[in-house]
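The structure under discussion appears below in the form of structure tokens.
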Protein chains: 2
Amino acid sequence: MKRPSILVLGAGYGGLTTVVNLQKIMGTDEVDITLINKNEYHYESTWLHEAAAGTMTPEQVRYDIKEVIDPVKVRFVQATVEAIDVAGKKVLTDNGEFTYDYIVIALGFEGETFGIEGLDKYALSIANVKAARYIREHIEFQFATWSAEEVKDDSRLNIVVGGAGFTGIEFLGELANRVPELCKEFDVPREKVRVICVEAAPMVLPGFDPELVNYAVGHLESKGIEFSIGTPVVEATPEGVNIKKSDDEFEFIKAGTVVWAAGVRGNRLIETTPIENMRARVKVEKDLRAPAFPDVFIIGDCALMINEETNRPYPPTAQIAMQQAEAAAANIKALIQGQTTQEFIPDLKGTVCSLGDDDAIGVVFGKKVTGKRASFMKKMIDNRALYMVGGPKLVIKKGKFNVL
Amino acid sequence: MKRPSILVLGAGYGGLTTVVNLQKIMGTDEVDITLINKNEYHYESTWLHEAAAGTMTPEQVRYDIKEVIDPVKVRFVQATVEAIDVAGKKVLTDNGEFTYDYIVIALGFEGETFGIEGLDKYALSIANVKAARYIREHIEFQFATWSAEEVKDDSRLNIVVGGAGFTGIEFLGELANRVPELCKEFDVPREKVRVICVEAAPMVLPGFDPELVNYAVGHLESKGIEFSIGTPVVEATPEGVNIKKSDDEFEFIKAGTVVWAAGVRGNRLIETTPIENMRARVKVEKDLRAPAFPDVFIIGDCALMINEETNRPYPPTAQIAMQQAEAAAANIKALIQGQTTQEFIPDLKGTVCSLGDDDAIGVVFGKKVTGKRASFMKKMIDNRALYMVGGPKLVIKKGKFNVL
């Protein structure tokens with residue numbers, strides 16, 4: 001009898017945790033497990049804003065997938081997925097075709113520009129390791145150019161961050177610490193550099209406690225970050241962004257760097273399948289399967305789940321993706337063994353938003369935290385994610401121990 | 001009675017060594033010494049190719065002028081010299097006007113592009129710390145861009161180095177070591193990167209022993225550096241350089257980075273004075289004074305001295321500049337004390353051309369050296385220059401101790 005085959009697409013938090021759980025709970029003789037990922041490495045996507053700001057190196061935020069998978073139990077294929085045929089139960093990649101009995105789609109997020117003109121072309125996005133590294137190099141290049149050029153164009157030093165949500169604020173927190181370093185390294189007076197956060201919504205960090213939001217804004221403003229709230233970006237150009245300040249008032253902000261951190265959506269490949277979806281996110285069944293496709297699990301940023309308490313979707317976080325991965329692995333095992341699947345219920349331990357290496361805000365186990373204590377917790381959360389995938393060895397190798 | 005005033009322009013090897021010697025041999029009550037320099041720091045211009053390649057940081061190749069001057073004896077003014085009035089015995093800067101009884105012009109070199117079209121605009125030059133840092137960031141930005149872009153333009157990764165003289169070869173030596181690091185850091189396959197040295201003359205390192213030249217070329221070629229010798233650059237464009245391969249054969253080399261390392265001249269300010277000069281270099285008297293201006297000393301890259309043994313000019317090296325500085329300081333003291341000046345005779349200890357951090361070629365005390373031994377000597381030469389200016393303290397702080 002042929003062993004059932006499980007195909008996992010993506011080695012982000014969701015995909016890699018699925019594989020790690022599968023190799024733990026399933027025997028070698030029970031299943032064939034294949035993991036497909038574009039790169040030979042996993043990256044901590046919740047740390048990318050640090051690589052983009054330059055406060056961490058790209059090396060620090062990624063590690064080899066081979067370090068955490070068991071080669072006896074899991075076949076790893078480095079390939080880019082080109083199409084998912086959920087009717088034919090196969091996946092086409094640039095490195096061959098793969099069939100499956102069960103598939104876990106964990107392809108992560110893509111940036112969403114909401115059709116705003118020029119953003120795709122002229123704004124940078126913290127989408128992956130390479131894009132984050134590009135942002136860091138782009139900013140350094142602007143500083144080096146300003147320093148070396150005879151006629152100085154100060155607008156090179158302006159950095160516009162689009163979005164005051166989680167990613168935007170965390171990135172601003174890193175920039176607040178990084179800019180003084182950049183100034184020192186490139187002989188640029190600090191007062192020449194402007195970092196401006198532009199947000200369409202009337203508030204910063206929607207969903208967060210207002211007291212914590214005030215703390216965050218105060219902290220960032222004290223480090224020289226400017227906020228322009230309730231002022232949507234209406235266009236990006238090679239020179240900067242145009243923002244709408246009121247019904248008939250616009251302002252053009254000239255900037256050498258524009259980073260768009262204001263929206264995510266699911267992976268576009270989902271939209272090419274017959275699976276019902278909204279911006280490539282699929283409202284999954286309670287056991288994490290796609291509606292009408294009982295052999296397809298969808299987890300992480302491509303899965304949409306409604307929090308019945310608030311009647312709003314759960315945010316696409318690493319925490320939930322990893323819990324879903326564990327549940328999906330268990331449910332696949334159940335199906336293979338002829339048992340019934342279990343409902344997935346997120347266990348929300350809290351959320352901490354960093355404000356640079358040395359400060360943060362958050363709610364942990366229902367309690368508000370700020371400052372060094374919150375920053376410490378943030379690092380423990382990051383280390384815990386490493387532990388869940390790679391055990392203590394990975395924590396020692398990649399963990400954040402620059403604890404205050 | 002008013003004390004005589006000495007004005008020293010430039011804090012490179014020549015200017016700074018002059019000041020350090022003056023403050024040693026002259027009493028506070030004897031003279032007023034003023035040092036004028038564009039930056040508040042001195043940089044090791046013979047190390048700039050390392051900062052440009054990225055094998056050293058800009059911080060490592062510079063130090064604060066205040067670390068080596070005695071504030072009781074020397075007044076340091078950060079200013080850019082705008083004009084030298086040798087008839088009126090005064091100097092105009094962007095930070096005021098300064099008169100003098102004796103002046104030491106030690107303003108260093110500028111790049112020479114020999115009128116080749118486009119070089120000024122599109123080629124980078126290892127001219128100073130900021131320019132070197134710009135080159136490093138430019139190259140990193142090309143690698144980051146290639147890595148992040150969807151449609152990859154491999155020519156971004158090509159680096160053309162114009163000139164196979166001392167600077168060109170030392171820069172290539174650093175690049176040979178740096179490129180593999182860059183490839184690793186930016187996920188670029190090594191075989192995608194081309195480093196091409198283009199030289200108009202029919203030989204590499206003219207004036208060097210042919211055996212040593214062969215060693216150098218062999219070493220660099222083994223690390224993947226390509227040479228195109230006897231093929232002048234005839235034009236630089238935003239896309240690369242056009243080289244002349246024979247009378248009617250041209251080749252365009254597409255390259256993301258073009259560094260011009262093929263010629264130096266004296267500082268252009270010299271040309272605005274009535275002092276006789278050739279490409280801003282002054283054929284100085286035997287005691288280092290400018291012809292017809294007995295209160296003007298010119299040392300370093302702006303001074304031209306003929307080696308009577310070879311009937312060719314001495315090369316503009318740090319070694320000679322520092323020896324001239326010592327002699328100029330002594331001659332100024334002699335003039336002030338009514339004595340006669342002494343003839344300056346260079347004491348050539350040898351020349352070592354590095355081929356990266358781990359190899360070099362050279363002639364030291366008349367003996368040919370290569371490999372690790374030569375590399376060690378190069379580092380000792382670099383450390384000796386630090387010692388001459390700042391004593392053991394500076395050697396400990398800035399010296400090269402990564403000795404093999």
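We name chains A, B, ... following the order of the structure tokens; residues begin at 1 in each chain, and ligands are numbered from 1 as shown.
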Find the residues around B:Asp120 up to 12 Å (only C-alpha atoms counted), leave out those fewer than 4 positions away in its own chain, and share them as an mmCIF file with all heavy atoms, in the first residue's frame.
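Produced file selection-v4.cif, reproduced below:
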```cif
data_model
loop_
_atom_site.group_PDB
_atom_site.id
_atom_site.type_symbol
_atom_site.label_atom_id
_atom_site.label_comp_id
_atom_site.auth_asym_id
_atom_site.auth_seq_id
_atom_site.Cartn_x
_atom_site.Cartn_y
_atom_site.Cartn_z
ATOM 1 N N GLU B 110 44.405 65.294 -6.192
ATOM 2 C CA GLU B 110 43.063 65.197 -6.762
ATOM 3 C C GLU B 110 43.134 64.176 -7.881
ATOM 4 O O GLU B 110 44.205 63.901 -8.414
ATOM 5 C CB GLU B 110 42.620 66.550 -7.331
ATOM 6 C CG GLU B 110 42.358 67.572 -6.256
ATOM 7 C CD GLU B 110 41.778 68.869 -6.819
ATOM 8 O OE1 GLU B 110 41.397 68.905 -8.001
ATOM 9 O OE2 GLU B 110 41.700 69.826 -6.052
ATOM 10 N N GLY B 111 41.996 63.616 -8.247
ATOM 11 C CA GLY B 111 41.975 62.657 -9.348
ATOM 12 C C GLY B 111 42.215 63.359 -10.671
ATOM 13 O O GLY B 111 41.910 64.545 -10.833
ATOM 14 N N GLU B 112 42.777 62.622 -11.597
ATOM 15 C CA GLU B 112 43.052 63.173 -12.933
ATOM 16 C C GLU B 112 42.368 62.263 -13.944
ATOM 17 O O GLU B 112 42.616 61.055 -13.954
ATOM 18 C CB GLU B 112 44.568 63.199 -13.153
ATOM 19 C CG GLU B 112 45.005 63.576 -14.540
ATOM 20 C CD GLU B 112 44.616 65.000 -14.904
ATOM 21 O OE1 GLU B 112 45.393 65.919 -14.607
ATOM 22 O OE2 GLU B 112 43.525 65.189 -15.492
ATOM 23 N N THR B 113 41.497 62.839 -14.753
ATOM 24 C CA THR B 113 40.767 61.991 -15.705
ATOM 25 C C THR B 113 41.250 62.184 -17.140
ATOM 26 O O THR B 113 40.677 61.614 -18.068
ATOM 27 C CB THR B 113 39.253 62.271 -15.627
ATOM 28 O OG1 THR B 113 39.047 63.678 -15.803
ATOM 29 C CG2 THR B 113 38.696 61.849 -14.284
ATOM 30 N N PHE B 114 42.280 63.002 -17.324
ATOM 31 C CA PHE B 114 42.912 63.187 -18.639
ATOM 32 C C PHE B 114 41.920 63.573 -19.725
ATOM 33 O O PHE B 114 42.108 63.255 -20.899
ATOM 34 C CB PHE B 114 43.667 61.904 -19.056
ATOM 35 C CG PHE B 114 44.608 61.401 -17.997
ATOM 36 C CD1 PHE B 114 44.324 60.240 -17.287
ATOM 37 C CD2 PHE B 114 45.778 62.100 -17.685
ATOM 38 C CE1 PHE B 114 45.190 59.769 -16.298
ATOM 39 C CE2 PHE B 114 46.643 61.622 -16.698
ATOM 40 C CZ PHE B 114 46.348 60.467 -16.009
ATOM 41 N N GLY B 115 40.845 64.219 -19.339
ATOM 42 C CA GLY B 115 39.871 64.693 -20.330
ATOM 43 C C GLY B 115 39.045 63.594 -20.975
ATOM 44 O O GLY B 115 38.332 63.832 -21.956
ATOM 45 N N ILE B 116 39.104 62.377 -20.430
ATOM 46 C CA ILE B 116 38.322 61.284 -21.032
ATOM 47 C C ILE B 116 36.832 61.524 -20.764
ATOM 48 O O ILE B 116 36.414 61.748 -19.630
ATOM 49 C CB ILE B 116 38.761 59.914 -20.464
ATOM 50 C CG1 ILE B 116 40.235 59.663 -20.793
ATOM 51 C CG2 ILE B 116 37.885 58.800 -21.028
ATOM 52 C CD1 ILE B 116 40.864 58.518 -20.015
ATOM 53 N N LEU B 124 33.530 56.549 -10.390
ATOM 54 C CA LEU B 124 33.748 56.911 -8.993
ATOM 55 C C LEU B 124 35.242 56.995 -8.736
ATOM 56 O O LEU B 124 36.043 56.354 -9.414
ATOM 57 C CB LEU B 124 33.097 55.872 -8.084
ATOM 58 C CG LEU B 124 31.635 55.564 -8.437
ATOM 59 C CD1 LEU B 124 31.084 54.474 -7.536
ATOM 60 C CD2 LEU B 124 30.783 56.824 -8.332
ATOM 61 N N SER B 125 35.605 57.784 -7.738
ATOM 62 C CA SER B 125 37.018 58.010 -7.480
ATOM 63 C C SER B 125 37.301 57.829 -5.987
ATOM 64 O O SER B 125 36.533 58.277 -5.139
ATOM 65 C CB SER B 125 37.348 59.431 -7.941
ATOM 66 O OG SER B 125 38.503 59.899 -7.317
ATOM 67 N N GLU B 235 35.654 56.342 -23.148
ATOM 68 C CA GLU B 235 34.435 57.033 -22.737
ATOM 69 C C GLU B 235 33.774 56.272 -21.588
ATOM 70 O O GLU B 235 33.804 55.047 -21.553
ATOM 71 C CB GLU B 235 33.448 57.112 -23.912
ATOM 72 C CG GLU B 235 32.265 58.028 -23.641
ATOM 73 C CD GLU B 235 31.143 57.852 -24.660
ATOM 74 O OE1 GLU B 235 31.295 57.035 -25.581
ATOM 75 O OE2 GLU B 235 30.120 58.542 -24.511
ATOM 76 N N ALA B 236 33.210 57.026 -20.656
ATOM 77 C CA ALA B 236 32.380 56.410 -19.623
ATOM 78 C C ALA B 236 30.955 56.909 -19.818
ATOM 79 O O ALA B 236 30.737 58.071 -20.180
ATOM 80 C CB ALA B 236 32.876 56.782 -18.229
ATOM 81 N N THR B 237 29.982 56.014 -19.624
ATOM 82 C CA THR B 237 28.563 56.381 -19.731
ATOM 83 C C THR B 237 27.871 55.884 -18.462
ATOM 84 O O THR B 237 28.489 55.181 -17.658
ATOM 85 C CB THR B 237 27.902 55.714 -20.964
ATOM 86 O OG1 THR B 237 27.640 54.338 -20.637
ATOM 87 C CG2 THR B 237 28.796 55.778 -22.198
ATOM 88 N N PRO B 238 26.599 56.214 -18.285
ATOM 89 C CA PRO B 238 25.915 55.687 -17.096
ATOM 90 C C PRO B 238 25.871 54.159 -17.090
ATOM 91 O O PRO B 238 25.688 53.541 -16.055
ATOM 92 C CB PRO B 238 24.502 56.268 -17.202
ATOM 93 C CG PRO B 238 24.629 57.443 -18.089
ATOM 94 C CD PRO B 238 25.746 57.153 -19.037
ATOM 95 N N VAL B 258 31.884 51.681 -11.916
ATOM 96 C CA VAL B 258 33.150 52.013 -12.572
ATOM 97 C C VAL B 258 33.954 52.869 -11.599
ATOM 98 O O VAL B 258 33.491 53.917 -11.153
ATOM 99 C CB VAL B 258 32.939 52.783 -13.889
ATOM 100 C CG1 VAL B 258 34.286 53.182 -14.502
ATOM 101 C CG2 VAL B 258 32.128 51.957 -14.881
ATOM 102 N N VAL B 259 35.135 52.389 -11.231
ATOM 103 C CA VAL B 259 36.005 53.141 -10.325
ATOM 104 C C VAL B 259 37.252 53.554 -11.105
ATOM 105 O O VAL B 259 37.907 52.712 -11.727
ATOM 106 C CB VAL B 259 36.393 52.298 -9.098
ATOM 107 C CG1 VAL B 259 37.389 53.060 -8.216
ATOM 108 C CG2 VAL B 259 35.153 51.936 -8.291
ATOM 109 N N TRP B 260 37.538 54.843 -11.091
ATOM 110 C CA TRP B 260 38.685 55.348 -11.822
ATOM 111 C C TRP B 260 39.850 55.523 -10.850
ATOM 112 O O TRP B 260 39.774 56.306 -9.910
ATOM 113 C CB TRP B 260 38.320 56.686 -12.474
ATOM 114 C CG TRP B 260 39.409 57.226 -13.349
ATOM 115 C CD1 TRP B 260 40.107 58.376 -13.163
ATOM 116 C CD2 TRP B 260 39.903 56.648 -14.576
ATOM 117 N NE1 TRP B 260 41.014 58.553 -14.175
ATOM 118 C CE2 TRP B 260 40.920 57.496 -15.063
ATOM 119 C CE3 TRP B 260 39.599 55.482 -15.291
ATOM 120 C CZ2 TRP B 260 41.623 57.225 -16.230
ATOM 121 C CZ3 TRP B 260 40.298 55.215 -16.469
ATOM 122 C CH2 TRP B 260 41.295 56.093 -16.928
#
```
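Within 10 Å of stretch 274-276 of chain B there are B:Ile84, B:Asp85, B:Val86, B:Ala87, B:Val282, B:Lys283, B:Val284, B:Ala290, B:Pro291, B:Ala292, B:Phe293, B:Val296, counting only C-alpha atoms and ignoring same-chain residues fewer than 6 positions away.
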If you take only C-alpha atoms and a cut-off of 10 Å, which residues of chain B touch chain A, and what are their nearest atom pairs and distances in Å to one decimal, in chain and number order, as JSON lines?
```
{"residue": "B:Thr57", "atom": "CA", "partner": "A:Glu185", "partner_atom": "CA", "distance": 9.3}
{"residue": "B:Pro58", "atom": "CA", "partner": "A:Glu185", "partner_atom": "CA", "distance": 8.0}
{"residue": "B:Glu59", "atom": "CA", "partner": "A:Glu185", "partner_atom": "CA", "distance": 7.7}
{"residue": "B:Asn128", "atom": "CA", "partner": "A:Ala148", "partner_atom": "CA", "distance": 9.2}
{"residue": "B:Val129", "atom": "CA", "partner": "A:Ala148", "partner_atom": "CA", "distance": 8.8}
{"residue": "B:Lys130", "atom": "CA", "partner": "A:Ala148", "partner_atom": "CA", "distance": 5.1}
{"residue": "B:Ala131", "atom": "CA", "partner": "A:Ala148", "partner_atom": "CA", "distance": 5.7}
{"residue": "B:Ala132", "atom": "CA", "partner": "A:Ala148", "partner_atom": "CA", "distance": 9.0}
{"residue": "B:Arg133", "atom": "CA", "partner": "A:Ala144", "partner_atom": "CA", "distance": 6.6}
{"residue": "B:Tyr134", "atom": "CA", "partner": "A:Ala144", "partner_atom": "CA", "distance": 5.1}
{"residue": "B:Ile135", "atom": "CA", "partner": "A:Ala144", "partner_atom": "CA", "distance": 8.7}
{"residue": "B:Arg136", "atom": "CA", "partner": "A:Ala144", "partner_atom": "CA", "distance": 9.1}
{"residue": "B:Glu137", "atom": "CA", "partner": "A:Phe141", "partner_atom": "CA", "distance": 5.4}
{"residue": "B:His138", "atom": "CA", "partner": "A:Phe141", "partner_atom": "CA", "distance": 6.4}
{"residue": "B:Ile139", "atom": "CA", "partner": "A:Phe141", "partner_atom": "CA", "distance": 9.5}
{"residue": "B:Glu140", "atom": "CA", "partner": "A:Glu137", "partner_atom": "CA", "distance": 6.8}
{"residue": "B:Phe141", "atom": "CA", "partner": "A:Glu137", "partner_atom": "CA", "distance": 5.4}
{"residue": "B:Gln142", "atom": "CA", "partner": "A:Glu137", "partner_atom": "CA", "distance": 9.0}
{"residue": "B:Phe143", "atom": "CA", "partner": "A:Tyr134", "partner_atom": "CA", "distance": 8.9}
{"residue": "B:Ala144", "atom": "CA", "partner": "A:Tyr134", "partner_atom": "CA", "distance": 5.1}
{"residue": "B:Thr145", "atom": "CA", "partner": "A:Tyr134", "partner_atom": "CA", "distance": 6.2}
{"residue": "B:Trp146", "atom": "CA", "partner": "A:Tyr134", "partner_atom": "CA", "distance": 9.2}
{"residue": "B:Ser147", "atom": "CA", "partner": "A:Lys130", "partner_atom": "CA", "distance": 6.4}
{"residue": "B:Ala148", "atom": "CA", "partner": "A:Lys130", "partner_atom": "CA", "distance": 5.1}
{"residue": "B:Glu149", "atom": "CA", "partner": "A:Ala131", "partner_atom": "CA", "distance": 8.7}
{"residue": "B:Lys184", "atom": "CA", "partner": "A:Glu59", "partner_atom": "CA", "distance": 9.8}
{"residue": "B:Glu185", "atom": "CA", "partner": "A:Glu59", "partner_atom": "CA", "distance": 7.6}
{"residue": "B:Phe186", "atom": "CA", "partner": "A:Lys130", "partner_atom": "CA", "distance": 7.9}
{"residue": "B:Asp187", "atom": "CA", "partner": "A:Lys130", "partner_atom": "CA", "distance": 8.7}
```
Contact residues around A:Trp47 with only C-alpha atoms at 10 Å, ignoring same-chain residues under 2 positions, as a VMD selection string: chain A and resid 43 to 45 49 to 52 56 58 60 to 62 129 132 167 170 to 171 382
Between atom CA of B:Gln78 and atom CA of B:Ala106, distance in Å (one decimal): 15.0 Å
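Minimum atom-to-atom distances from A:Val19, A:Ile36, A:Leu119, A:Ile126 to A:Ala329 were compared using only C-alpha atoms, and the lowest value belongs to A:Val19.
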Distance query A:Lys378 at most 9 Å, only C-alpha atoms, self and fewer than 3 positions along chain excluded, as a VMD selection string: chain A and resid 351 to 354 360 to 362 373 to 375 381 to 383
Those of stretch 189-343 of chain A in DSSP strand (DSSP E or B), formatted as a VMD selection string: chain A and resid 195 to 199 225 to 229 233 to 237 240 to 246 249 to 254 257 to 260 264 to 266 278 281 to 283 289 to 290 293 to 298 303 to 304 306 to 307 312 to 313
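These are the residues of stretch 18-65 of chain A assigned alpha helix (DSSP H) by DSSP from backbone coordinates: Thr18, Val19, Val20, Asn21, Leu22, Gln23, Lys24, Ile25, Leu48, His49, Glu50, Ala51, Ala52 and Ala53 of chain A.
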Since we have the selection now, will you write its residues out, keeping N, CA and C atoms, as a tab-separated table (two decimals), in the first residue's frame?
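The file below, out-v2.tsv, is the result:
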```tsv
chain	number	residue	atom	x	y	z
A	18	THR	N	4.43	23.25	10.84
A	18	THR	CA	3.67	22.07	10.42
A	18	THR	C	4.60	20.88	10.22
A	19	VAL	N	5.67	21.13	9.47
A	19	VAL	CA	6.60	20.04	9.15
A	19	VAL	C	7.27	19.51	10.42
A	20	VAL	N	7.68	20.43	11.27
A	20	VAL	CA	8.35	20.03	12.51
A	20	VAL	C	7.40	19.19	13.37
A	21	ASN	N	6.12	19.56	13.40
A	21	ASN	CA	5.14	18.79	14.16
A	21	ASN	C	4.85	17.45	13.50
A	22	LEU	N	4.74	17.45	12.17
A	22	LEU	CA	4.48	16.20	11.46
A	22	LEU	C	5.59	15.19	11.69
A	23	GLN	N	6.84	15.68	11.63
A	23	GLN	CA	7.96	14.73	11.80
A	23	GLN	C	8.05	14.22	13.23
A	24	LYS	N	7.40	14.95	14.13
A	24	LYS	CA	7.39	14.52	15.53
A	24	LYS	C	6.29	13.48	15.78
A	25	ILE	N	5.11	13.72	15.17
A	25	ILE	CA	3.96	12.87	15.53
A	25	ILE	C	3.71	11.71	14.56
A	48	LEU	N	11.69	41.20	10.26
A	48	LEU	CA	12.19	41.80	9.02
A	48	LEU	C	12.37	43.31	9.12
A	49	HIS	N	11.51	43.96	9.94
A	49	HIS	CA	11.64	45.42	10.07
A	49	HIS	C	13.00	45.78	10.67
A	50	GLU	N	13.58	44.86	11.42
A	50	GLU	CA	14.90	45.11	12.00
A	50	GLU	C	15.99	45.02	10.93
A	51	ALA	N	15.85	44.02	10.06
A	51	ALA	CA	16.81	43.91	8.95
A	51	ALA	C	16.66	45.10	8.00
A	52	ALA	N	15.42	45.56	7.81
A	52	ALA	CA	15.18	46.69	6.90
A	52	ALA	C	15.77	47.98	7.46
A	53	ALA	N	15.67	48.16	8.78
A	53	ALA	CA	16.24	49.36	9.39
A	53	ALA	C	17.75	49.23	9.51
```
Residue with smallest distance to B:Thr46 - pool B:Phe297, B:Phe166, B:Tyr314, B:Phe252, counting only C-alpha atoms: B:Phe166
Atom-to-atom span, atom CA of A:Leu9 and atom CA of A:Ala262, Å: 25.5 Å
Among the residues A:Val31, A:Ala261, A:Leu348, A:Val179, the one that comes closest to A:Val72 [using only C-alpha atoms]: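 Closest to A:Val72, using only C-alpha atoms: A:Val31.
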